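Structure first, commentary second.
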Amino acid sequence: MRQLHKHNLSIERRLGDAVRARLPGVFGELLMFIFKQAWACLFGGLLLAMIIATKLVWNPDWALQRYDFLFLFAIATQALFLRFKLETWEEARVILLFHLTGTAMEWFKVHAGSWGYPEPGLFKLMGVPLFSGFMYASVGSYIARVIRIFSMRFAPYPPFWMTLLLAVAIYVNFFAHHFLPDIRMGLFAATLILYARTRVWFVNTEHPRWMPMPLAALLSSVALWVAENIGTATGTWLYSGQLPGKTVSLAKLGSWYLLLYVAFVTVTVVSRAALSAPALPATDIRARPTHLQPSPQRPKG
């Protein structure tokens, strides 16, 4: 594991040093942030790019269906990530866990008529193509990778059992609101109350910075909402009642905001290293990228 970590740092450090050397200052800072974010969401970005590419070139008369190709592509990509050490086995466990919870939600939501997958496929179970689980897994992959790439720390962190309880409540509500009153407004409020004091500490180049955790979740949910629109625009999945050419409802942005908390807690179930934050000021992230923990406060749980 240590060898793998050093390998990842070597790649990321070389690329980062090259950017900083060519674009110092504010522009270099901005470019580094964009580059690191793109590197963190590499798995999801490749899958989204392939969704677009296959929509443009795929012929429905071909022997291999588009959904089946996307499933095989996702498996091959995951294998290559592990083979070339772009992902740790710990991150792979996070992805598997989120893959399972995401697939369970897909089965329920498709059966409930919330959305559907119109194309045929061999690797399709209960109306859900198996590549869809990798779309959820890509969110887990992003969170696990972005924590490592930006040397993130979350402090002060609320009691872990409270975060777990909130994540379960959010996940259950995605199912229960079909039969019971929707409590998502209360869940929105709960995320703000529980994580109001939590700062996401991160290092972009050399100096520690922070962002309120609810704001980080909101910005990430906007990116996922854009990806949702790409998915529907390519006809890969379709929401019930959505008219052709129309954007995905902003209510889905709220859904992704809540689901991101489920994804984050899923990551912390496997690894809680980023939830600890002893006082350790750092002046050069390139020299000690994995030990920077800028906040002196420790989590309560």
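Convention: chains lettered A, B, ... in structure tokens order; per-chain residue numbering from 1; ligands numbered from 1 as shown.
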*Residues of range 79-259 of chain A in helix (DSSP H, G or I), written as a PyMOL selection string*: chain A and resi 79-83+89-112+132-149+160-176+184-194+213-233+251-259
_DSSP strand (DSSP E or B) residues within range 20-149 of chain A, listed as a ChimeraX atom specification_ = /A:115-116,124-125,128-129
*Find, counting only C-alpha atoms, the residue in A:Ala76, A:Val110, A:Leu30, A:Ile95 that gets nearest to Tyr239 in chain A.*
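So, comparing all the options, the nearest one is A:Val110.
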List the spatial neighbours of Met152 in chain A as a short mmCIF file (atom, residue, chain, number, x, y, z; two decimals) with all heavy atoms, in the first residue's frame - criterion: any atom at most 8 Å away, only C-alpha atoms, same-chain residues fewer than 6 positions off excluded.
```
data_model
loop_
_atom_site.label_atom_id
_atom_site.label_comp_id
_atom_site.auth_asym_id
_atom_site.auth_seq_id
_atom_site.Cartn_x
_atom_site.Cartn_y
_atom_site.Cartn_z
N VAL A 146 -10.35 12.45 -4.35
CA VAL A 146 -10.17 13.89 -4.12
C VAL A 146 -9.66 14.14 -2.70
O VAL A 146 -8.90 15.08 -2.47
CB VAL A 146 -11.49 14.66 -4.39
CG1 VAL A 146 -12.45 14.61 -3.21
CG2 VAL A 146 -11.19 16.12 -4.76
N VAL A 200 -13.84 21.88 5.22
CA VAL A 200 -13.06 20.98 4.38
C VAL A 200 -11.71 21.65 4.14
O VAL A 200 -11.61 22.59 3.35
CB VAL A 200 -13.78 20.71 3.04
CG1 VAL A 200 -12.96 19.74 2.19
CG2 VAL A 200 -15.18 20.18 3.27
N TRP A 201 -10.70 21.19 4.86
CA TRP A 201 -9.34 21.73 4.67
C TRP A 201 -8.68 20.99 3.51
O TRP A 201 -8.76 19.77 3.40
CB TRP A 201 -8.51 21.52 5.94
CG TRP A 201 -8.97 22.36 7.09
CD1 TRP A 201 -9.85 22.04 8.07
CD2 TRP A 201 -8.53 23.69 7.40
NE1 TRP A 201 -10.01 23.06 8.95
CE2 TRP A 201 -9.21 24.10 8.57
CE3 TRP A 201 -7.62 24.58 6.78
CZ2 TRP A 201 -9.01 25.35 9.14
CZ3 TRP A 201 -7.42 25.82 7.37
CH2 TRP A 201 -8.11 26.20 8.53
N PHE A 202 -8.05 21.74 2.63
CA PHE A 202 -7.40 21.11 1.47
C PHE A 202 -6.19 21.94 1.07
O PHE A 202 -6.06 23.11 1.44
CB PHE A 202 -8.37 20.98 0.30
CG PHE A 202 -8.84 22.30 -0.28
CD1 PHE A 202 -8.23 22.86 -1.39
CD2 PHE A 202 -9.92 22.98 0.30
CE1 PHE A 202 -8.66 24.07 -1.91
CE2 PHE A 202 -10.36 24.20 -0.22
CZ PHE A 202 -9.73 24.75 -1.33
N VAL A 203 -5.31 21.31 0.32
CA VAL A 203 -4.12 21.98 -0.20
C VAL A 203 -4.14 21.87 -1.71
O VAL A 203 -4.12 20.77 -2.26
CB VAL A 203 -2.83 21.37 0.38
CG1 VAL A 203 -1.61 22.02 -0.27
CG2 VAL A 203 -2.78 21.55 1.88
N ALA A 274 -9.13 10.86 7.18
CA ALA A 274 -9.25 12.30 6.94
C ALA A 274 -10.07 13.01 8.00
O ALA A 274 -10.15 14.23 8.00
CB ALA A 274 -9.89 12.54 5.56
N GLN A 293 -2.27 18.71 8.02
CA GLN A 293 -3.56 18.71 8.69
C GLN A 293 -3.68 20.05 9.39
O GLN A 293 -3.26 20.22 10.53
CB GLN A 293 -3.66 17.56 9.69
CG GLN A 293 -3.52 16.22 8.97
CD GLN A 293 -3.40 15.08 9.93
OE1 GLN A 293 -3.28 15.27 11.13
NE2 GLN A 293 -3.43 13.88 9.42
#
```
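With only C-alpha atoms as the atoms that count, the residue of A:Leu56, A:Glu206, A:Arg66, A:Phe179 with the shortest distance to Glu119 in chain A is A:Arg66.
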*Choose the residue, out of A:Val94, A:Leu180, A:Leu215, A:Ala227, that has the smallest atom-to-atom separation from Met135 in chain A; count only C-alpha atoms.*
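Of all the options, A:Ala227 lies closest to Met135 in chain A.
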*May I ask which of the residues A:Leu194, A:Thr77, A:Ile170, A:Thr232 is the closest one to Tyr257 in chain A, counting only C-alpha atoms?*
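Closest to Tyr257 in chain A of all the choices is A:Ile170.
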*asked:* Show me, as a PyMOL selection string, the residues that have an atom within 10 Å of Pro118 in chain A when counting only C-alpha atoms, minus same-chain residues fewer than 4 positions from it.
replied: chain A and resi 127-128+235-238
*Pick the closest to Tyr195 in chain A from A:Phe174, A:Leu224, A:Ala155, A:Leu219: which is it, counting only C-alpha atoms?*
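For Tyr195 in chain A, the nearest of the candidates is A:Ala155.
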*Which one is closest to Ile51 in chain A: A:Lys246, A:Thr191, A:Ser151, A:Thr234? Count only C-alpha atoms.*
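The answer is A:Thr234, which sits nearest to Ile51 in chain A.
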